[in-house]
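Below: protein-v5.cif (mmCIF, C-alpha atoms and all ligand atoms)
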```
data_model
loop_
_atom_site.label_atom_id
_atom_site.label_comp_id
_atom_site.auth_asym_id
_atom_site.auth_seq_id
_atom_site.Cartn_x
_atom_site.Cartn_y
_atom_site.Cartn_z
CA MET W 1339 26.23 10.05 -23.73
CA SER W 1340 27.08 11.80 -20.47
CA LEU W 1341 27.96 10.75 -16.97
CA ALA W 1342 25.07 12.75 -15.49
CA GLU W 1343 21.93 11.10 -14.12
CA ALA W 1344 19.08 10.70 -16.60
CA ALA W 1345 16.75 13.70 -16.50
CA ARG W 1346 13.63 11.53 -16.18
CA ALA W 1347 15.01 9.59 -13.21
CA ALA W 1348 16.36 12.76 -11.61
CA ALA W 1349 12.84 14.22 -11.71
CA VAL W 1350 11.42 11.39 -9.53
CA PRO W 1351 10.66 12.90 -6.11
CA PRO W 1352 11.74 11.24 -2.84
CA PHE W 1353 9.35 9.07 -0.81
CA HIS W 1354 9.22 11.33 2.25
CA ALA W 1355 8.03 8.58 4.62
CA MET W 1356 11.28 6.72 3.98
CA ALA W 1357 13.31 9.93 4.35
CA MET W 1358 11.56 10.56 7.69
CA ALA W 1359 12.29 6.98 8.80
CA ARG W 1360 15.96 7.56 7.97
CA ALA W 1361 16.07 10.85 9.94
CA ALA W 1362 14.38 9.07 12.88
CA SER W 1363 16.90 6.24 12.85
CA GLU W 1364 19.76 8.77 12.78
CA LEU W 1365 18.31 10.36 15.94
CA GLU W 1366 18.07 6.91 17.50
CA ALA W 1367 21.66 6.13 16.59
CA ALA W 1368 22.59 9.32 18.46
CA GLY W 1369 20.82 7.96 21.59
CA SER W 1370 17.29 9.46 21.45
CA ARG W 1371 14.15 7.38 22.01
CA VAL W 1372 12.02 8.02 18.95
CA LEU W 1373 8.30 7.21 18.81
CA HIS W 1374 7.61 5.80 15.37
CA LEU W 1375 4.35 6.85 13.79
CA GLU W 1376 5.88 7.20 10.34
CA VAL W 1377 6.51 3.62 9.31
CA GLY W 1378 3.85 1.81 7.34
CA GLN W 1379 4.82 -1.67 8.32
CA PRO W 1380 3.90 -4.22 10.96
CA SER W 1381 6.32 -4.45 13.88
CA THR W 1382 5.56 -8.18 14.11
CA PRO W 1383 7.60 -10.89 12.35
CA ALA W 1384 6.29 -13.19 9.65
CA PRO W 1385 3.87 -15.70 11.18
CA ARG W 1386 5.40 -18.69 12.92
CA GLY W 1387 4.41 -21.17 10.20
CA ALA W 1388 6.09 -19.01 7.54
CA ARG W 1389 9.32 -18.74 9.49
CA ASP W 1390 9.34 -22.49 10.19
CA ALA W 1391 8.78 -23.29 6.52
CA ALA W 1392 11.67 -21.04 5.44
CA VAL W 1393 14.01 -22.49 8.08
CA ALA W 1394 13.03 -26.06 7.10
CA ALA W 1395 13.67 -25.40 3.40
CA ILE W 1396 17.08 -23.93 4.14
CA ALA W 1397 17.99 -26.68 6.62
CA ALA W 1398 16.97 -29.37 4.13
CA GLY W 1399 19.46 -27.98 1.63
CA ASP W 1400 16.75 -27.04 -0.85
CA PRO W 1401 18.68 -25.17 -3.57
CA LEU W 1402 16.03 -22.44 -3.53
CA GLY W 1403 17.04 -21.46 -7.03
CA TYR W 1404 14.95 -19.57 -9.55
CA THR W 1405 11.31 -20.58 -9.72
CA ASN W 1406 9.15 -20.25 -12.81
CA ALA W 1407 8.73 -16.60 -13.70
CA ALA W 1408 5.10 -16.74 -12.55
CA GLY W 1409 6.05 -18.36 -9.24
CA LEU W 1410 5.73 -21.75 -7.54
CA MET W 1411 2.67 -23.54 -8.85
CA SER W 1412 1.65 -24.51 -5.28
CA LEU W 1413 1.65 -20.85 -4.23
CA ARG W 1414 -0.22 -19.69 -7.33
CA ARG W 1415 -2.87 -22.35 -6.71
CA ARG W 1416 -3.18 -21.33 -3.07
CA ILE W 1417 -3.55 -17.67 -4.01
CA ALA W 1418 -6.23 -18.56 -6.56
CA ARG W 1419 -8.08 -20.45 -3.80
CA HIS W 1420 -7.76 -17.42 -1.54
CA TYR W 1421 -10.12 -15.54 -3.88
CA ASP W 1422 -12.75 -18.21 -3.46
CA ASP W 1423 -12.22 -18.31 0.34
CA TRP W 1424 -12.31 -14.55 0.90
CA TYR W 1425 -14.48 -13.20 -1.90
CA GLY W 1426 -16.34 -16.12 -3.46
CA VAL W 1427 -14.61 -15.33 -6.74
CA ASP W 1428 -13.26 -17.92 -9.12
CA VAL W 1429 -9.69 -17.04 -10.19
CA GLU W 1430 -7.72 -19.31 -12.49
CA THR W 1431 -4.24 -20.29 -11.34
CA ARG W 1432 -2.79 -19.16 -14.66
CA SER W 1433 -3.96 -15.59 -13.92
CA VAL W 1434 -1.83 -15.39 -10.76
CA MET W 1435 1.68 -13.97 -11.09
CA VAL W 1436 3.85 -14.09 -7.96
CA VAL W 1437 6.02 -10.96 -7.77
CA GLY W 1438 8.64 -9.26 -5.60
CA GLY W 1439 6.15 -7.29 -3.52
CA ALA W 1440 3.35 -5.06 -4.74
CA SER W 1441 6.07 -2.60 -5.80
CA ALA W 1442 7.35 -4.99 -8.48
CA GLY W 1443 3.72 -5.62 -9.39
CA PHE W 1444 3.28 -1.91 -10.14
CA THR W 1445 6.33 -1.81 -12.41
CA LEU W 1446 5.10 -4.88 -14.28
CA ALA W 1447 1.54 -3.58 -14.52
CA PHE W 1448 2.59 -0.12 -15.69
CA ALA W 1449 5.11 -1.45 -18.22
CA ALA W 1450 2.62 -4.03 -19.52
CA ALA W 1451 -0.40 -1.77 -19.85
CA PHE W 1452 0.99 1.68 -20.68
CA ASP W 1453 3.34 3.31 -23.14
CA ALA W 1454 5.57 6.28 -22.42
CA GLY W 1455 3.45 9.41 -22.70
CA ASP W 1456 0.22 7.66 -21.61
CA ARG W 1457 -1.89 9.37 -18.95
CA VAL W 1458 -2.80 7.47 -15.79
CA ALA W 1459 -5.11 8.82 -13.09
CA VAL W 1460 -3.91 8.52 -9.49
CA LEU W 1461 -6.02 9.55 -6.53
CA GLU W 1462 -4.75 12.33 -4.28
CA PRO W 1463 -4.23 11.77 -1.44
CA GLY W 1464 -2.76 8.41 -2.41
CA TYR W 1465 0.31 6.23 -2.17
CA PRO W 1466 3.16 8.30 -3.66
CA CYS W 1467 5.02 5.50 -5.37
CA TYR W 1468 2.29 5.08 -8.01
CA ARG W 1469 2.94 8.60 -9.21
CA ASN W 1470 6.71 8.33 -8.85
CA ALA W 1471 7.00 4.92 -10.54
CA LEU W 1472 4.85 6.16 -13.44
CA LEU W 1473 7.16 9.18 -13.80
CA ALA W 1474 10.21 6.90 -13.83
CA LEU W 1475 8.66 5.05 -16.78
CA GLY W 1476 7.82 8.23 -18.68
CA ILE W 1477 4.08 7.82 -18.05
CA GLU W 1478 2.14 10.91 -16.99
CA PRO W 1479 0.40 10.66 -13.60
CA VAL W 1480 -2.80 12.70 -13.58
CA ALA W 1481 -3.97 13.73 -10.12
CA VAL W 1482 -7.59 13.04 -9.17
CA PRO W 1483 -8.35 15.10 -6.07
CA VAL W 1484 -10.63 13.16 -3.70
CA GLY W 1485 -11.92 14.11 -0.27
CA PRO W 1486 -14.42 13.37 2.47
CA ALA W 1487 -17.40 14.60 0.40
CA THR W 1488 -17.19 11.45 -1.77
CA ARG W 1489 -15.68 9.26 0.99
CA TRP W 1490 -12.33 9.67 -0.84
CA ALA W 1491 -13.66 7.89 -3.92
CA PRO W 1492 -13.33 9.07 -7.55
CA THR W 1493 -16.60 9.95 -9.28
CA ALA W 1494 -17.41 9.68 -12.97
CA ASP W 1495 -17.78 13.48 -13.19
CA VAL W 1496 -14.32 14.10 -11.82
CA LEU W 1497 -12.80 11.44 -14.08
CA ASP W 1498 -14.65 12.82 -17.13
CA ALA W 1499 -13.08 16.22 -16.51
CA LEU W 1500 -9.51 14.92 -16.70
CA GLY W 1501 -9.33 14.55 -20.47
CA PRO W 1502 -8.30 11.34 -22.22
CA LEU W 1503 -6.86 8.73 -19.86
CA ASP W 1504 -5.19 5.34 -20.34
CA GLY W 1505 -5.28 4.07 -16.77
CA LEU W 1506 -6.80 4.53 -13.33
CA ILE W 1507 -5.26 3.30 -10.08
CA VAL W 1508 -7.42 2.82 -7.01
CA ALA W 1509 -6.48 1.44 -3.60
CA SER W 1510 -8.84 0.02 -1.02
CA PRO W 1511 -8.23 0.30 1.88
CA SER W 1512 -6.26 3.36 0.91
CA ASN W 1513 -2.94 4.65 2.14
CA PRO W 1514 -2.99 7.29 3.69
CA THR W 1515 -6.70 7.61 4.53
CA GLY W 1516 -7.59 4.00 5.35
CA THR W 1517 -10.81 4.38 3.37
CA VAL W 1518 -12.44 1.23 2.03
CA LEU W 1519 -14.18 1.53 -1.36
CA SER W 1520 -17.49 -0.31 -1.45
CA ALA W 1521 -18.29 -2.90 -4.13
CA ASP W 1522 -20.65 -0.33 -5.67
CA VAL W 1523 -17.93 2.31 -5.93
CA LEU W 1524 -15.54 -0.25 -7.42
CA ARG W 1525 -18.23 -1.29 -9.89
CA GLU W 1526 -18.81 2.32 -10.91
CA ALA W 1527 -15.07 2.82 -11.43
CA ALA W 1528 -14.82 -0.42 -13.42
CA GLU W 1529 -17.80 0.54 -15.60
CA TRP W 1530 -16.34 3.98 -16.21
CA CYS W 1531 -13.02 2.37 -17.20
CA ALA W 1532 -14.74 -0.10 -19.54
CA ALA W 1533 -16.73 2.70 -21.20
CA ASN W 1534 -13.62 4.84 -21.67
CA ASP W 1535 -11.12 2.14 -22.67
CA VAL W 1536 -9.09 2.74 -19.52
CA GLN W 1537 -7.06 0.05 -17.72
CA LEU W 1538 -8.12 -0.24 -14.07
CA ILE W 1539 -5.43 -1.20 -11.55
CA ALA W 1540 -6.62 -2.07 -8.05
CA ASP W 1541 -4.13 -2.08 -5.18
CA GLU W 1542 -5.57 -4.42 -2.52
CA ILE W 1543 -2.47 -4.63 -0.34
CA TYR W 1544 -4.35 -3.72 2.89
CA HIS W 1545 -7.04 -6.36 2.47
CA GLY W 1546 -7.41 -8.34 5.69
CA ILE W 1547 -6.78 -5.21 7.79
CA VAL W 1548 -10.32 -3.87 7.97
CA TYR W 1549 -12.29 -2.82 11.08
CA ALA W 1550 -15.85 -2.54 9.84
CA GLY W 1551 -17.46 -4.76 7.23
CA ARG W 1552 -15.19 -6.19 4.55
CA ALA W 1553 -13.12 -4.90 1.67
CA ALA W 1554 -14.49 -5.98 -1.70
CA SER W 1555 -12.02 -7.08 -4.35
CA ALA W 1556 -12.18 -5.42 -7.75
CA LEU W 1557 -12.43 -8.98 -9.10
CA GLU W 1558 -15.95 -9.16 -7.65
CA VAL W 1559 -17.08 -6.52 -10.13
CA THR W 1560 -14.78 -6.89 -13.16
CA ARG W 1561 -12.38 -9.35 -14.79
CA ASP W 1562 -10.55 -6.62 -16.71
CA ALA W 1563 -8.70 -5.05 -13.78
CA ILE W 1564 -5.11 -5.78 -12.81
CA VAL W 1565 -5.31 -6.61 -9.11
CA ILE W 1566 -2.20 -6.25 -6.99
CA ASN W 1567 -1.75 -7.66 -3.50
CA SER W 1568 1.16 -8.46 -1.22
CA PHE W 1569 2.41 -10.40 1.77
CA SER W 1570 3.74 -7.16 3.29
CA LYS W 1571 0.83 -5.94 5.40
CA TYR W 1572 -1.79 -8.48 6.61
CA PHE W 1573 0.77 -11.29 6.33
CA SER W 1574 3.39 -9.21 8.18
CA MET W 1575 6.22 -9.96 5.73
CA THR W 1576 7.46 -6.60 4.37
CA GLY W 1577 11.13 -7.50 4.03
CA TRP W 1578 10.46 -10.83 2.35
CA ARG W 1579 9.52 -8.90 -0.79
CA LEU W 1580 6.63 -11.04 -1.89
CA GLY W 1581 3.36 -10.14 -3.53
CA TRP W 1582 1.10 -11.19 -6.35
CA MET W 1583 -0.91 -9.91 -9.28
CA VAL W 1584 -4.09 -11.24 -10.79
CA VAL W 1585 -3.64 -10.41 -14.43
CA PRO W 1586 -6.51 -10.16 -16.95
CA ASP W 1587 -6.32 -12.44 -19.99
CA HIS W 1588 -5.26 -9.71 -22.41
CA LEU W 1589 -2.07 -9.04 -20.40
CA HIS W 1590 -0.95 -12.57 -19.29
CA ARG W 1591 1.74 -13.07 -21.87
CA VAL W 1592 3.25 -9.63 -21.71
CA VAL W 1593 3.38 -9.57 -17.89
CA GLU W 1594 5.08 -12.95 -17.84
CA ARG W 1595 7.64 -11.85 -20.43
CA LEU W 1596 8.36 -8.67 -18.50
CA GLN W 1597 8.78 -10.65 -15.27
CA GLN W 1598 11.25 -13.01 -16.97
CA ASN W 1599 13.30 -10.09 -18.20
CA LEU W 1600 13.05 -7.63 -15.31
CA TYR W 1601 13.09 -9.87 -12.22
CA ILE W 1602 13.32 -13.54 -13.37
CA CYS W 1603 11.11 -14.51 -10.41
CA ALA W 1604 10.14 -13.51 -6.88
CA PRO W 1605 12.53 -14.70 -4.10
CA HIS W 1606 12.13 -18.48 -3.81
CA VAL W 1607 12.53 -18.75 -0.04
CA SER W 1608 9.90 -16.04 0.40
CA GLN W 1609 7.51 -17.99 -1.80
CA VAL W 1610 7.97 -21.04 0.43
CA ALA W 1611 7.29 -18.90 3.50
CA GLY W 1612 4.36 -17.11 1.85
CA LEU W 1613 2.63 -20.38 1.05
CA ALA W 1614 2.84 -21.36 4.72
CA ALA W 1615 1.75 -17.88 5.84
CA MET W 1616 -1.56 -18.36 4.08
CA GLU W 1617 -2.39 -21.06 6.65
CA CYS W 1618 -1.62 -18.76 9.60
CA GLN W 1619 -4.70 -16.57 9.53
CA ASP W 1620 -5.60 -17.09 13.21
CA GLU W 1621 -2.23 -15.62 14.22
CA LEU W 1622 -2.53 -12.82 11.66
CA ASP W 1623 -6.03 -11.89 12.81
CA LEU W 1624 -4.57 -11.28 16.28
CA HIS W 1625 -2.43 -8.53 14.72
CA VAL W 1626 -5.57 -6.99 13.25
CA GLY W 1627 -7.11 -7.03 16.74
CA ARG W 1628 -4.06 -5.13 18.00
CA TYR W 1629 -4.31 -2.58 15.17
CA ARG W 1630 -7.96 -2.06 16.06
CA SER W 1631 -7.05 -1.25 19.65
CA ASN W 1632 -4.12 0.96 18.49
CA ARG W 1633 -6.48 2.80 16.17
CA SER W 1634 -8.84 3.69 18.94
CA ALA W 1635 -5.95 4.77 21.23
CA LEU W 1636 -4.53 6.97 18.47
CA LEU W 1637 -7.86 8.59 17.58
CA THR W 1638 -8.48 9.36 21.27
CA GLY W 1639 -4.94 10.69 21.77
CA LEU W 1640 -4.98 12.85 18.63
CA ALA W 1641 -8.36 14.32 19.63
CA ALA W 1642 -6.89 15.25 23.04
CA ALA W 1643 -4.03 16.94 21.14
CA GLY W 1644 -6.60 18.96 19.15
CA LEU W 1645 -6.34 16.92 15.95
CA THR W 1646 -9.96 16.00 15.36
CA ASP W 1647 -10.33 16.49 11.63
CA VAL W 1648 -9.25 13.04 10.49
CA ALA W 1649 -10.27 10.80 7.60
CA GLU W 1650 -12.65 8.05 8.68
CA ALA W 1651 -10.35 5.04 8.58
CA ASP W 1652 -12.05 1.69 8.00
CA GLY W 1653 -8.89 -0.21 7.20
CA ALA W 1654 -5.07 -0.23 6.88
CA PHE W 1655 -3.20 1.26 9.85
CA TYR W 1656 -3.10 4.99 9.23
CA VAL W 1657 -4.84 8.13 10.39
CA TYR W 1658 -4.69 11.04 7.95
CA ALA W 1659 -5.19 14.25 9.90
CA ASP W 1660 -5.81 17.82 8.82
CA VAL W 1661 -3.27 20.09 10.54
CA SER W 1662 -4.30 23.34 8.84
CA GLN W 1663 -5.11 24.95 12.21
CA ILE W 1664 -1.40 24.59 13.08
CA THR W 1665 0.43 25.06 9.80
CA ASP W 1666 0.39 25.20 6.02
CA ASP W 1667 3.79 23.48 5.89
CA SER W 1668 3.38 19.87 7.00
CA MET W 1669 6.97 19.09 6.03
CA ALA W 1670 8.35 21.67 8.48
CA LEU W 1671 5.81 20.59 11.12
CA THR W 1672 6.80 16.91 10.99
CA GLU W 1673 10.48 17.91 11.06
CA ARG W 1674 9.84 20.00 14.18
CA TRP W 1675 7.89 17.20 15.87
CA LEU W 1676 10.77 14.86 15.16
CA GLY W 1677 13.45 17.29 16.36
CA GLU W 1678 11.60 18.67 19.40
CA LEU W 1679 9.44 15.72 20.50
CA CYS W 1680 11.16 12.70 18.94
CA VAL W 1681 7.78 11.88 17.35
CA ALA W 1682 8.14 10.67 13.77
CA SER W 1683 5.19 11.09 11.37
CA THR W 1684 4.81 11.60 7.63
CA PRO W 1685 4.01 14.92 5.92
CA GLY W 1686 0.91 14.86 3.74
CA LEU W 1687 3.00 16.18 0.86
CA ASP W 1688 4.00 12.59 0.19
CA PHE W 1689 0.41 11.71 -0.63
CA ASP W 1690 -1.05 14.88 -2.06
CA LEU W 1691 1.11 17.38 -3.93
CA ALA W 1692 -1.65 20.00 -4.10
CA ARG W 1693 -3.14 19.88 -0.59
CA GLY W 1694 -0.79 17.73 1.50
CA HIS W 1695 0.95 20.73 3.05
CA CYS W 1696 -1.98 20.83 5.49
CA SER W 1697 -2.06 17.12 6.42
CA VAL W 1698 0.00 14.59 8.34
CA ARG W 1699 -0.22 10.79 8.26
CA PHE W 1700 0.17 8.87 11.51
CA SER W 1701 0.76 5.11 11.38
CA TYR W 1702 -0.57 2.94 14.19
CA ALA W 1703 1.15 -0.25 13.09
CA GLY W 1704 3.52 0.00 16.07
CA ASP W 1705 3.25 -0.28 19.82
CA GLU W 1706 0.17 1.10 21.62
CA ARG W 1707 2.20 2.57 24.50
CA ASP W 1708 4.35 4.49 22.01
CA LEU W 1709 1.21 5.85 20.32
CA VAL W 1710 -0.22 7.04 23.61
CA GLU W 1711 3.06 8.67 24.64
CA ALA W 1712 3.43 10.32 21.22
CA CYS W 1713 -0.05 11.83 21.53
CA GLU W 1714 0.78 13.13 25.02
CA ARG W 1715 3.88 14.82 23.64
CA LEU W 1716 1.83 16.36 20.81
CA ARG W 1717 -0.81 17.51 23.32
CA ASP W 1718 1.79 19.26 25.50
CA TRP W 1719 3.65 20.80 22.53
CA GLN W 1720 3.50 24.55 21.88
CA PRO W 1721 3.61 25.48 18.14
C1 LIG N 1 -0.83 1.29 -0.78
C2 LIG N 1 0.48 0.58 -0.85
N1 LIG N 1 0.75 -0.17 -1.92
C3 LIG N 1 1.95 -0.80 -2.03
C4 LIG N 1 2.92 -0.71 -1.06
C5 LIG N 1 4.23 -1.42 -1.25
O1 LIG N 1 4.07 -2.77 -0.97
P1 LIG N 1 5.15 -3.90 -1.07
O2 LIG N 1 5.90 -3.96 0.23
O3 LIG N 1 4.36 -5.15 -1.29
O4 LIG N 1 6.04 -3.59 -2.22
C6 LIG N 1 2.66 0.03 0.09
C7 LIG N 1 3.67 0.16 1.14
O5 LIG N 1 3.52 0.83 2.12
C8 LIG N 1 1.41 0.70 0.19
O6 LIG N 1 1.09 1.44 1.26
#
```

If you convert what's in this file into structure tokens, what do you get?
Ligand SMILES: Cc1ncc(COP(=O)(O)O)c(C=O)c1O
Amino acid sequence: MSLAEAARAAAVPPFHAMAMARAASELEAAGSRVLHLEVGQPSTPAPRGARDAAVAAIAAGDPLGYTNAAGLMSLRRRIARHYDDWYGVDVETRSVMVVGGASAGFTLAFAAAFDAGDRVAVLEPGYPCYRNALLALGIEPVAVPVGPATRWAPTADVLDALGPLDGLIVASPSNPTGTVLSADVLREAAEWCAANDVQLIADEIYHGIVYAGRAASALEVTRDAIVINSFSKYFSMTGWRLGWMVVPDHLHRVVERLQQNLYICAPHVSQVAGLAAMECQDELDLHVGRYRSNRSALLTGLAAAGLTDVAEADGAFYVYADVSQITDDSMALTERWLGELCVASTPGLDFDLARGHCSVRFSYAGDERDLVEACERLRDWQP
């Protein structure tokens, strides 16, 4: 026993996007006007119907105590129906577990499906918290380098070369590239997982924010995947900490037991609001229209600033740009842009340990005028 931090926890790296957001808000507190292209969250509030439902529940004196571990039955039923509405897929209510954001869903999924020492493949570039949460649980993240040659998708050959695996995490649309994986690619991944006894986890948190075609759910091609989704992005409810999992039969009981013990339940008031949010899709689609226009403004502005080598983004609200013509130290570059231009962005190192020193992620979830001004500052900047 010692009073030092545990070695395993101490080895978990920071989430640089959050560190950048903190540095940006410190600059703002000191009086600077910072242009935020680092934050991966909508600047809009929860939809009107969600806010009204939360206010009404509070005003009515609803105790808003613990719900069942799996969540309010009404919300679970509505989420199950969502799969029929959006994907034509039949999901049973009992498979839906309401959780405290996708982040809690990852902890539950990882703890339910993997043991310490297991090896789980994570795509690079990819969302850093998969890797970091796995590390915190003593599970080994195994990087799968992906790039434009395969439209940022994992191939069977690459997966075969990684040695024995216990899990594979895919995200579509992806953060940071915005790439959408087609149903065929998801099917290939699911078949590879089935053949190799590997648990597939599909992060579908950016579903609904897609600019061309549609994002297929992993549930269209397999019933063995753990699917994780959230109210944070399309539903514009990051701080409400609400998400859901669709859990395959073999993991129902263990996920529910873990939820009871780790979190008890997702926040009750957020569940009330989330249920109402699911009826607000007209309002939410207006946000997607705004992201679409932001995306085109950002791509135009970055091109004028000389940043033309960007991942083709079909969804989410990010542009992942190659900055290798400027630097091989994206961390220092983003720090300079923040200090000299008051433009906040996220170094690629967050998303790709091996190659991210030559990339930067720009978020276009914010205000279009800010995006345009940020690009003008980048254009006029001398390295
Ligand atoms: C790909 C991805 N998954 C999960 C999350 C976390 O989601 P939540 O707010 O639901 O915990 C994020 C947040 O940015 C994300 O980009």

Inset, instruction - Excluding segment 1542-1547 of chain W and any residue of its chain fewer than 5 positions from it, enumerate the residues within 10 Å of it, using all atoms listed in the file, and give them as a VMD selection string. - result: chain W and resid 1424 1439 to 1440 1508 to 1513 1516 1518 1552 to 1556 1565 to 1573 1581 to 1583 1619 1622 to 1623 1625 to 1627 1629 to 1630 1652 to 1655

Got a sec: who's within 6 Å of segment 1632-1649 of chain W, counting only C-alpha atoms, leaving out chain neighbours fewer than 5 positions off, as a PDB file with C-alpha atoms, keeping the file's coordinate frame?
```
ATOM      1  CA  THR W1515      -6.700   7.610   4.530  1.00  0.00           C
ATOM      2  CA  TYR W1658      -4.690  11.040   7.950  1.00  0.00           C
ATOM      3  CA  ALA W1659      -5.190  14.250   9.900  1.00  0.00           C
ATOM      4  CA  ASP W1660      -5.810  17.820   8.820  1.00  0.00           C
ATOM      5  CA  TYR W1702      -0.570   2.940  14.190  1.00  0.00           C
ATOM      6  CA  GLU W1706       0.170   1.100  21.620  1.00  0.00           C
ATOM      7  CA  CYS W1713      -0.050  11.830  21.530  1.00  0.00           C
ATOM      8  CA  LEU W1716       1.830  16.360  20.810  1.00  0.00           C
ATOM      9  CA  ARG W1717      -0.810  17.510  23.320  1.00  0.00           C
TER      10      ARG W1717
END
```

Residues of segment 1678-1699 of chain W within 10 Å of segment 1456-1479 of chain W: nearest atom pair and distance (Å, one decimal) for each, counting all atoms listed in the file, sorted by chain and number, as a Markdown table?
```
| residue | atom | partner | partner_atom | distance |
| --- | --- | --- | --- | --- |
| W:Gly1686 | CA | W:Pro1463 | CA | 7.9 |
| W:Leu1687 | CA | W:Pro1463 | CA | 8.8 |
| W:Asp1688 | CA | W:Pro1466 | CA | 5.8 |
| W:Phe1689 | CA | W:Pro1463 | CA | 4.7 |
| W:Asp1690 | CA | W:Pro1463 | CA | 4.5 |
| W:Leu1691 | CA | W:Glu1462 | CA | 7.7 |
| W:Ala1692 | CA | W:Glu1462 | CA | 8.3 |
| W:Arg1693 | CA | W:Pro1463 | CA | 8.2 |
| W:Gly1694 | CA | W:Pro1463 | CA | 7.5 |
| W:Ser1697 | CA | W:Pro1463 | CA | 9.8 |
```

Legend entry - Distance of atom CA of Glu1650 of chain W from atom CA of Arg1489 of chain W, expressed in Å to one decimal place: 8.4 Å

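Going from atom CA of Ile1564 of chain W over to atom CA of Gln1537 of chain W, you cover 7.9 Å.
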
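Of the listed residues W:Phe1452, W:Trp1719, W:Trp1578, W:Trp1490, the one whose atoms come nearest to ligand LIG 1 (chain N) is W:Trp1578, with distances taken using only C-alpha atoms and all ligand atoms.
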
Inset, instruction - Around the point (-4.6, -2.9, -19.3) in the file's coordinates, collect all residues with an atom within 10 Å, using all atoms listed in the file, and return them as a ChimeraX atom specification. - result: /W:1447-1452,1504-1506,1535-1539,1562-1564,1585-1589

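In this structure, atom CA of Gly1455 of chain W sits 12.3 Å away from atom CA of Arg1346 of chain W.
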
Once 8 Å is added on each side, what are the centre and the three edge lengths, in Å to one decimal, of the axis-aligned box enclosing the listed atoms of segment 1645-1648 of chain W? Present them as lines of an AutoDock Vina configuration file.
```
center_x = -8.3
center_y = 15.0
center_z = 13.2
size_x = 20.0
size_y = 19.9
size_z = 21.5
```

Put segment 1545-1557 of chain W into a file with N, CA and C atoms, as an mmCIF file, in the first residue's frame.
```
data_model
loop_
_atom_site.group_PDB
_atom_site.id
_atom_site.type_symbol
_atom_site.label_atom_id
_atom_site.label_comp_id
_atom_site.auth_asym_id
_atom_site.auth_seq_id
_atom_site.Cartn_x
_atom_site.Cartn_y
_atom_site.Cartn_z
ATOM 1 N N HIS W 1545 -24.039 9.061 -35.875
ATOM 2 C CA HIS W 1545 -25.161 8.777 -36.781
ATOM 3 C C HIS W 1545 -26.154 9.930 -36.735
ATOM 4 N N GLY W 1546 -26.712 10.247 -37.880
ATOM 5 C CA GLY W 1546 -27.627 11.404 -37.976
ATOM 6 C C GLY W 1546 -26.902 12.617 -38.534
ATOM 7 N N ILE W 1547 -25.565 12.664 -38.363
ATOM 8 C CA ILE W 1547 -24.789 13.797 -38.885
ATOM 9 C C ILE W 1547 -23.975 13.271 -40.075
ATOM 10 N N VAL W 1548 -24.647 13.174 -41.188
ATOM 11 C CA VAL W 1548 -24.063 12.584 -42.399
ATOM 12 C C VAL W 1548 -24.474 13.451 -43.577
ATOM 13 N N TYR W 1549 -23.554 13.686 -44.518
ATOM 14 C CA TYR W 1549 -23.813 14.652 -45.606
ATOM 15 C C TYR W 1549 -24.066 13.997 -46.950
ATOM 16 N N ALA W 1550 -23.685 12.739 -47.088
ATOM 17 C CA ALA W 1550 -23.915 12.071 -48.364
ATOM 18 C C ALA W 1550 -24.359 10.651 -48.046
ATOM 19 N N GLY W 1551 -25.469 10.236 -48.589
ATOM 20 C CA GLY W 1551 -25.949 8.880 -48.322
ATOM 21 C C GLY W 1551 -26.373 8.734 -46.870
ATOM 22 N N ARG W 1552 -26.182 7.553 -46.313
ATOM 23 C CA ARG W 1552 -26.589 7.295 -44.943
ATOM 24 C C ARG W 1552 -25.516 6.446 -44.267
ATOM 25 N N ALA W 1553 -25.507 6.489 -42.950
ATOM 26 C CA ALA W 1553 -24.572 5.628 -42.216
ATOM 27 C C ALA W 1553 -25.308 4.348 -41.856
ATOM 28 N N ALA W 1554 -24.749 3.216 -42.249
ATOM 29 C CA ALA W 1554 -25.350 1.928 -41.885
ATOM 30 C C ALA W 1554 -25.005 1.606 -40.439
ATOM 31 N N SER W 1555 -25.938 0.950 -39.763
ATOM 32 C CA SER W 1555 -25.638 0.475 -38.409
ATOM 33 C C SER W 1555 -25.028 -0.920 -38.511
ATOM 34 N N ALA W 1556 -24.120 -1.206 -37.591
ATOM 35 C CA ALA W 1556 -23.543 -2.559 -37.552
ATOM 36 C C ALA W 1556 -24.639 -3.600 -37.356
ATOM 37 N N LEU W 1557 -25.763 -3.180 -36.755
ATOM 38 C CA LEU W 1557 -26.850 -4.135 -36.515
ATOM 39 C C LEU W 1557 -27.522 -4.582 -37.811
#
```
